[in-house]
Amino acid sequence: MVDQPLLRIKELRTHFHTERGRVTAVDGITLHVEEREILGVVGESGCGKSVTSQSILRLFDEKRTVKYEGEIHFKSKNLLKISNANMQKIRGNDIAMIFQDPLSSLNPVYTIGYQITESIMLHQKLQKKKAYEKAVEMLRLTGIPAPEKRVNDYPHELSGGMRQRAMIAMALACQPRLLIADEPTTALDVTIQAQILDLINRLNQELNMSVIFITHDLGVIAEICTRVVVMYLGQIVEEADVEKLFSNPLHPYTKGLMKSIPQIDGDRSQALHVIEGTVPSLHDVPNGCRFASRCPYASDLCRAKMPELKIVKTGQKVRCWHYEEILEKEEVDV
Amino acid sequence: MKIYVLKRVLSLVPILFIVSIMIFMIIHVTPGDPATVMLGDTATTEQVEALRNELGLNIPIYQQYINWITGILHGDLGYSFFMRQSVTMAIISHLGPTVSLAIMAQIMAIIIGIPVGIIAANRKGSLTDQSIMGLSLLGISIPSFLLALLLILLFGVKLQWLPVAGYKALSEGMWVHLKYLILPIIALGSMQVALIARMTRNSMLEVLNMDYIKTARSKGIKERNIVYKHALRNAFLPILTIVGQSFAVLVAGAAVVETVFNIPGIGQLIINSIERRDFAVIQGIVLFVALVYVLINLVVDLLYGVIDPRVRLNHK
Ligand SMILES: Nc1ncnc2c1ncn2[C@@H]1O[C@H](COP(=O)(O)OP(=O)(O)O)[C@@H](O)[C@H]1O
Ligand SMILES: [Mg+2]
């Protein structure tokens, strides 16, 4: 039998009720995460990466603001169909999450130990003393020095890197099958960033868990992921294995992102290429291709009609009318 | 933590010193001569002059202040010629009703205001929330004397459930004591209820938007524990500040409410003393109230340190 993917999202739509009317922040996302895989999700800020990831855990206020559509299959359950109580059993236990800013994501008035043991006691029904031993063990696993002391520290007493390690220890305390890391290194400086990436890579292998790694930085994707999904304005515009994506990007948006990766050994005097224009507002989403207004190759067709996400010869998926012509043209140019 | 406490306590000394000077100045520049008031219109200039000497009003003002403050440092708040007793005794004999009234009003404010604020925050935008907000706006804007009169009219005169005025000490039994105090407590405490409810709601709403609430939710924590463990403790600091400050409002309100309900408390004592130009008593009470106010805020400050570890750190 073929292995079922760990997580399978089908046509996920996340709508918010706002004061200015209904917006669809995630508009028909279909993706899957294999066992032990690190899937990268990349896109500029505002593209719906965080909304997608938080929709998986259903973290938004369903009574007042949010409406989900589609299917999210995890362990033979559709997460969008199960009760809130059952969802709570999955959160932190089967699927855990870490966020961008570890300082604001940790509760300032409780110790690290309290916050780690909280989910251990809740999901694994361990006694307080055992839970604290487990917390110390988790802190050690994430490479925090003197974990038996740090466990009694408050978040503000730790450095930024240590805080993110503590967040990771907290997320992994119950051995989740899937870790969603939402820009976990964006708020950290470069050396710490590399350490945290190493840590996630190591834990991914040691603990046999899958990871969804969200970032706006393709450079980071190259270091950690096996497969990548590129998002633009609530949709997937390209999906590919990481080597293919870097050797042969198809969507003009992906190409734009590639050019904006800072080259460490490259020419520093050259200005960083940034894609011109900004992501359109969710309140006036274009009818045609959503990237058309910023795309150098956009035609009337692009502006009128939205392309589908198509599988192409190379095994990649791309949402673009003209990717073939663009490829040919580039080959001629070279 | 010990150093933090010590620092806070020491910082009170200059504050109280400045307060004492201000009290003294304000009272002694207000027009109206106590000797004239005490003796009435028929007194002769000589009689007034003699009494002014006796009251110590003819020595230089700084000398008067020094005498007063030296007395206070020896535990002597002065002597009221009008009441023919020491100011300390006068305050103590009027303290009971006011303490009862203020504490119960504050308790009512806390046990109603905080839960109501939490409920409103949890159901932001709902009919419940809107009703709570509407009522609390009313509670804040209605003057306590008006509320007192309305309460008397309804429960005292019309329904005759409760006495219209007066006061019975606790020694006469809890129920009797309460029966006389219920209306004054409501009249005095309503505004605090409203203030605390609104503060709790705003503070909770702010905290519930924080990232760490999302973290808690992502860990599978139950919604109830998110509200009461993760959010409330963070939301508590501003609430505590309001509770501390509302004491000042309570004392001011007590003067009005005690007058309307004819309760022989500190509020009534100070109003009567102002009419009589009984400087010694006025000074004594104001200083006493200032001291209590400062002490309550000290307790609030210390509680900050207990609730929020970051406060402790800043004062290490
Ligand atoms: N709770 C919400 N209510 C309404 N709109 C939201 C909400 N959360 C996010 N959005 C909108 O959804 C879009 C995607 O946001 P997000 O997923 O945070 O982007 P990013 O890719 O940077 O993580 C943004 O336009 C944002 O304004
Ligand atoms: Mg984001």
# chains A, B, ... in the order shown; residues from 1 in each chain; ligands from 1
>>> interface_residues(of="chain B", to="chain A", cutoff="7 Å", atoms="only C-alpha atoms", output="PDB file with N, CA and C atoms, in the first residue's frame")
ATOM      1  N   ASP B 211       0.068  37.620  21.234  1.00  0.00           N
ATOM      2  CA  ASP B 211       0.578  36.396  20.601  1.00  0.00           C
ATOM      3  C   ASP B 211       0.544  35.208  21.557  1.00  0.00           C
ATOM      4  N   TYR B 212       0.839  35.457  22.847  1.00  0.00           N
ATOM      5  CA  TYR B 212       0.957  34.293  23.738  1.00  0.00           C
ATOM      6  C   TYR B 212      -0.391  33.635  23.993  1.00  0.00           C
ATOM      7  N   THR B 215      -0.454  31.235  21.251  1.00  0.00           N
ATOM      8  CA  THR B 215       0.412  30.108  21.625  1.00  0.00           C
ATOM      9  C   THR B 215      -0.335  29.143  22.543  1.00  0.00           C
ATOM     10  N   ARG B 217      -3.457  28.690  22.885  1.00  0.00           N
ATOM     11  CA  ARG B 217      -4.497  27.985  22.135  1.00  0.00           C
ATOM     12  C   ARG B 217      -3.869  26.871  21.284  1.00  0.00           C
ATOM     13  N   SER B 218      -2.699  27.166  20.701  1.00  0.00           N
ATOM     14  CA  SER B 218      -2.055  26.161  19.845  1.00  0.00           C
ATOM     15  C   SER B 218      -1.552  24.974  20.652  1.00  0.00           C
ATOM     16  N   LYS B 219      -1.461  25.140  21.974  1.00  0.00           N
ATOM     17  CA  LYS B 219      -1.042  24.013  22.816  1.00  0.00           C
ATOM     18  C   LYS B 219      -2.223  23.136  23.216  1.00  0.00           C
ATOM     19  N   GLY B 220      -3.423  23.583  22.889  1.00  0.00           N
ATOM     20  CA  GLY B 220      -4.601  22.792  23.226  1.00  0.00           C
ATOM     21  C   GLY B 220      -5.195  23.141  24.585  1.00  0.00           C
ATOM     22  N   ILE B 221      -4.765  24.265  25.154  1.00  0.00           N
ATOM     23  CA  ILE B 221      -5.318  24.699  26.441  1.00  0.00           C
ATOM     24  C   ILE B 221      -6.803  25.026  26.258  1.00  0.00           C
ATOM     25  N   ASN B 234      -2.368  38.626  33.177  1.00  0.00           N
ATOM     26  CA  ASN B 234      -1.735  39.724  32.458  1.00  0.00           C
ATOM     27  C   ASN B 234      -2.602  40.980  32.451  1.00  0.00           C
ATOM     28  N   ASP B 308       3.586  40.378  38.284  1.00  0.00           N
ATOM     29  CA  ASP B 308       4.385  40.449  37.066  1.00  0.00           C
ATOM     30  C   ASP B 308       5.878  40.381  37.381  1.00  0.00           C
ATOM     31  N   PRO B 309       6.530  39.284  36.986  1.00  0.00           N
ATOM     32  CA  PRO B 309       7.952  39.125  37.296  1.00  0.00           C
ATOM     33  C   PRO B 309       8.813  40.222  36.690  1.00  0.00           C
TER      34      PRO B 309
END
>>> residues_around(residues="Leu101 in chain B", least_positions_apart="4", cutoff="10 Å", atoms="only C-alpha atoms", output="number ranges by chain")
B: 96-97, 105-107, 178, 181-182, 184-186, 188-189, 250-251, 254, 257-258, 263, 265
>>> write_last_selection(atoms="N, CA and C atoms", output="PDB file, in the first residue's frame")
ATOM      1  N   GLY B  96     -15.394  53.947  62.072  1.00  0.00           N
ATOM      2  CA  GLY B  96     -16.117  52.690  61.845  1.00  0.00           C
ATOM      3  C   GLY B  96     -17.047  52.715  60.646  1.00  0.00           C
ATOM      4  N   PRO B  97     -18.023  53.619  60.621  1.00  0.00           N
ATOM      5  CA  PRO B  97     -18.986  53.625  59.513  1.00  0.00           C
ATOM      6  C   PRO B  97     -18.312  53.781  58.152  1.00  0.00           C
ATOM      7  N   ALA B 105     -18.150  48.758  49.717  1.00  0.00           N
ATOM      8  CA  ALA B 105     -18.345  49.285  48.365  1.00  0.00           C
ATOM      9  C   ALA B 105     -17.244  48.761  47.439  1.00  0.00           C
ATOM     10  N   GLN B 106     -16.026  48.738  47.971  1.00  0.00           N
ATOM     11  CA  GLN B 106     -14.911  48.268  47.151  1.00  0.00           C
ATOM     12  C   GLN B 106     -15.052  46.775  46.838  1.00  0.00           C
ATOM     13  N   ILE B 107     -15.458  46.012  47.855  1.00  0.00           N
ATOM     14  CA  ILE B 107     -15.651  44.569  47.623  1.00  0.00           C
ATOM     15  C   ILE B 107     -16.725  44.351  46.560  1.00  0.00           C
ATOM     16  N   LEU B 178     -25.904  45.844  58.191  1.00  0.00           N
ATOM     17  CA  LEU B 178     -25.987  45.785  56.734  1.00  0.00           C
ATOM     18  C   LEU B 178     -27.231  46.484  56.198  1.00  0.00           C
ATOM     19  N   LEU B 181     -26.722  49.876  55.725  1.00  0.00           N
ATOM     20  CA  LEU B 181     -25.621  50.251  54.824  1.00  0.00           C
ATOM     21  C   LEU B 181     -25.860  49.892  53.351  1.00  0.00           C
ATOM     22  N   ILE B 182     -26.835  48.990  53.096  1.00  0.00           N
ATOM     23  CA  ILE B 182     -26.983  48.500  51.715  1.00  0.00           C
ATOM     24  C   ILE B 182     -27.132  49.637  50.699  1.00  0.00           C
ATOM     25  N   PRO B 184     -26.459  52.923  51.000  1.00  0.00           N
ATOM     26  CA  PRO B 184     -25.236  53.723  50.846  1.00  0.00           C
ATOM     27  C   PRO B 184     -24.136  52.997  50.067  1.00  0.00           C
ATOM     28  N   ILE B 185     -24.007  51.692  50.305  1.00  0.00           N
ATOM     29  CA  ILE B 185     -22.968  50.943  49.588  1.00  0.00           C
ATOM     30  C   ILE B 185     -23.235  50.983  48.086  1.00  0.00           C
ATOM     31  N   ILE B 186     -24.498  50.757  47.713  1.00  0.00           N
ATOM     32  CA  ILE B 186     -24.823  50.783  46.285  1.00  0.00           C
ATOM     33  C   ILE B 186     -24.569  52.175  45.708  1.00  0.00           C
ATOM     34  N   LEU B 188     -22.582  54.418  46.711  1.00  0.00           N
ATOM     35  CA  LEU B 188     -21.157  54.743  46.668  1.00  0.00           C
ATOM     36  C   LEU B 188     -20.395  53.854  45.686  1.00  0.00           C
ATOM     37  N   GLY B 189     -20.781  52.584  45.623  1.00  0.00           N
ATOM     38  CA  GLY B 189     -19.969  51.619  44.873  1.00  0.00           C
ATOM     39  C   GLY B 189     -20.291  51.507  43.401  1.00  0.00           C
ATOM     40  N   LEU B 250     -13.649  56.917  46.335  1.00  0.00           N
ATOM     41  CA  LEU B 250     -14.538  56.420  47.377  1.00  0.00           C
ATOM     42  C   LEU B 250     -14.606  57.378  48.552  1.00  0.00           C
ATOM     43  N   VAL B 251     -13.460  57.921  48.967  1.00  0.00           N
ATOM     44  CA  VAL B 251     -13.458  58.822  50.113  1.00  0.00           C
ATOM     45  C   VAL B 251     -14.232  60.092  49.798  1.00  0.00           C
ATOM     46  N   ALA B 254     -17.770  59.191  49.792  1.00  0.00           N
ATOM     47  CA  ALA B 254     -18.282  58.901  51.130  1.00  0.00           C
ATOM     48  C   ALA B 254     -18.801  60.170  51.790  1.00  0.00           C
ATOM     49  N   VAL B 257     -22.275  60.687  50.300  1.00  0.00           N
ATOM     50  CA  VAL B 257     -23.219  59.635  50.662  1.00  0.00           C
ATOM     51  C   VAL B 257     -23.530  59.660  52.168  1.00  0.00           C
ATOM     52  N   GLU B 258     -22.508  59.895  52.978  1.00  0.00           N
ATOM     53  CA  GLU B 258     -22.736  59.954  54.420  1.00  0.00           C
ATOM     54  C   GLU B 258     -23.652  61.125  54.773  1.00  0.00           C
ATOM     55  N   ILE B 263     -25.015  59.389  57.947  1.00  0.00           N
ATOM     56  CA  ILE B 263     -24.160  58.381  58.581  1.00  0.00           C
ATOM     57  C   ILE B 263     -23.001  59.094  59.272  1.00  0.00           C
ATOM     58  N   GLY B 265     -19.902  59.257  59.827  1.00  0.00           N
ATOM     59  CA  GLY B 265     -18.573  58.780  59.468  1.00  0.00           C
ATOM     60  C   GLY B 265     -17.606  59.923  59.238  1.00  0.00           C
TER      61      GLY B 265
END
>>> residues_near_ligand(ligand="ligand 2", cutoff="7 Å", atoms="only C-alpha atoms and all ligand atoms", output="compact mmCIF listing (two decimals) with N, CA and C atoms, in the first residue's frame")
# COMPACT_ATOMS: atom_id res chain seq x y z
N SER A 45 5.30 38.91 2.72
CA SER A 45 4.41 39.02 3.86
C SER A 45 3.04 39.50 3.39
N GLY A 46 2.00 38.94 3.97
CA GLY A 46 0.64 39.26 3.55
C GLY A 46 0.08 38.29 2.54
N LYS A 49 0.39 33.06 4.44
CA LYS A 49 1.12 31.90 4.98
C LYS A 49 0.67 31.62 6.42
N SER A 50 0.62 32.66 7.23
CA SER A 50 0.24 32.46 8.63
C SER A 50 -1.21 32.02 8.74
N ASP A 182 6.22 28.92 11.95
CA ASP A 182 5.83 30.12 11.21
C ASP A 182 6.91 31.19 11.36
N GLU A 183 7.77 31.30 10.39
CA GLU A 183 8.89 32.24 10.39
C GLU A 183 9.66 32.21 11.72
>>> residues_near_ligand(ligand="ligand 1", cutoff="7 Å", atoms="only C-alpha atoms and all ligand atoms", output="number ranges by chain")
A: 16-18, 23, 25, 43-52, 60, 65, 234, 281-282
>>> closest_residue(among="A:Val42, A:Ile261, A:Leu158, A:Ile72", to="Phe213 in chain A", atoms="only C-alpha atoms")
A:Val42
>>> decode(residues="range 13-28 of chain B", atoms="N, CA, C and O atoms", output="PDB file, in the first residue's frame")
ATOM      1  N   VAL B  13       8.265  58.745  52.120  1.00  0.00           N
ATOM      2  CA  VAL B  13       8.579  59.819  53.061  1.00  0.00           C
ATOM      3  C   VAL B  13       8.488  61.206  52.421  1.00  0.00           C
ATOM      4  O   VAL B  13       7.729  62.056  52.903  1.00  0.00           O
ATOM      5  N   PRO B  14       9.218  61.450  51.326  1.00  0.00           N
ATOM      6  CA  PRO B  14       9.085  62.781  50.711  1.00  0.00           C
ATOM      7  C   PRO B  14       7.657  63.075  50.243  1.00  0.00           C
ATOM      8  O   PRO B  14       7.197  64.217  50.371  1.00  0.00           O
ATOM      9  N   ILE B  15       6.968  62.064  49.743  1.00  0.00           N
ATOM     10  CA  ILE B  15       5.597  62.285  49.268  1.00  0.00           C
ATOM     11  C   ILE B  15       4.727  62.799  50.407  1.00  0.00           C
ATOM     12  O   ILE B  15       4.051  63.822  50.292  1.00  0.00           O
ATOM     13  N   LEU B  16       4.803  62.118  51.537  1.00  0.00           N
ATOM     14  CA  LEU B  16       3.957  62.515  52.665  1.00  0.00           C
ATOM     15  C   LEU B  16       4.346  63.906  53.170  1.00  0.00           C
ATOM     16  O   LEU B  16       3.491  64.691  53.570  1.00  0.00           O
ATOM     17  N   PHE B  17       5.622  64.239  53.118  1.00  0.00           N
ATOM     18  CA  PHE B  17       6.078  65.552  53.562  1.00  0.00           C
ATOM     19  C   PHE B  17       5.453  66.642  52.689  1.00  0.00           C
ATOM     20  O   PHE B  17       4.872  67.609  53.187  1.00  0.00           O
ATOM     21  N   ILE B  18       5.535  66.442  51.390  1.00  0.00           N
ATOM     22  CA  ILE B  18       4.974  67.428  50.465  1.00  0.00           C
ATOM     23  C   ILE B  18       3.460  67.529  50.661  1.00  0.00           C
ATOM     24  O   ILE B  18       2.899  68.633  50.713  1.00  0.00           O
ATOM     25  N   VAL B  19       2.820  66.378  50.834  1.00  0.00           N
ATOM     26  CA  VAL B  19       1.378  66.377  51.048  1.00  0.00           C
ATOM     27  C   VAL B  19       1.026  67.194  52.288  1.00  0.00           C
ATOM     28  O   VAL B  19       0.106  68.015  52.278  1.00  0.00           O
ATOM     29  N   SER B  20       1.807  67.012  53.346  1.00  0.00           N
ATOM     30  CA  SER B  20       1.485  67.720  54.596  1.00  0.00           C
ATOM     31  C   SER B  20       1.581  69.229  54.398  1.00  0.00           C
ATOM     32  O   SER B  20       0.743  69.990  54.867  1.00  0.00           O
ATOM     33  N   ILE B  21       2.598  69.678  53.667  1.00  0.00           N
ATOM     34  CA  ILE B  21       2.736  71.121  53.413  1.00  0.00           C
ATOM     35  C   ILE B  21       1.544  71.629  52.611  1.00  0.00           C
ATOM     36  O   ILE B  21       0.939  72.661  52.924  1.00  0.00           O
ATOM     37  N   MET B  22       1.169  70.853  51.587  1.00  0.00           N
ATOM     38  CA  MET B  22       0.062  71.308  50.746  1.00  0.00           C
ATOM     39  C   MET B  22      -1.242  71.399  51.528  1.00  0.00           C
ATOM     40  O   MET B  22      -1.991  72.380  51.394  1.00  0.00           O
ATOM     41  N   ILE B  23      -1.486  70.397  52.343  1.00  0.00           N
ATOM     42  CA  ILE B  23      -2.711  70.414  53.147  1.00  0.00           C
ATOM     43  C   ILE B  23      -2.743  71.676  54.001  1.00  0.00           C
ATOM     44  O   ILE B  23      -3.730  72.417  54.058  1.00  0.00           O
ATOM     45  N   PHE B  24      -1.621  71.929  54.648  1.00  0.00           N
ATOM     46  CA  PHE B  24      -1.539  73.053  55.567  1.00  0.00           C
ATOM     47  C   PHE B  24      -1.783  74.372  54.844  1.00  0.00           C
ATOM     48  O   PHE B  24      -2.585  75.200  55.257  1.00  0.00           O
ATOM     49  N   MET B  25      -1.117  74.535  53.703  1.00  0.00           N
ATOM     50  CA  MET B  25      -1.256  75.764  52.935  1.00  0.00           C
ATOM     51  C   MET B  25      -2.704  75.981  52.499  1.00  0.00           C
ATOM     52  O   MET B  25      -3.274  77.051  52.710  1.00  0.00           O
ATOM     53  N   ILE B  26      -3.282  74.951  51.909  1.00  0.00           N
ATOM     54  CA  ILE B  26      -4.623  75.107  51.356  1.00  0.00           C
ATOM     55  C   ILE B  26      -5.608  75.522  52.437  1.00  0.00           C
ATOM     56  O   ILE B  26      -6.415  76.444  52.267  1.00  0.00           O
ATOM     57  N   ILE B  27      -5.506  74.864  53.576  1.00  0.00           N
ATOM     58  CA  ILE B  27      -6.468  75.164  54.630  1.00  0.00           C
ATOM     59  C   ILE B  27      -6.268  76.577  55.184  1.00  0.00           C
ATOM     60  O   ILE B  27      -7.216  77.300  55.449  1.00  0.00           O
ATOM     61  N   HIS B  28      -5.007  76.989  55.293  1.00  0.00           N
ATOM     62  CA  HIS B  28      -4.779  78.291  55.920  1.00  0.00           C
ATOM     63  C   HIS B  28      -4.940  79.465  54.981  1.00  0.00           C
ATOM     64  O   HIS B  28      -4.953  80.605  55.427  1.00  0.00           O
TER      65      HIS B  28
END
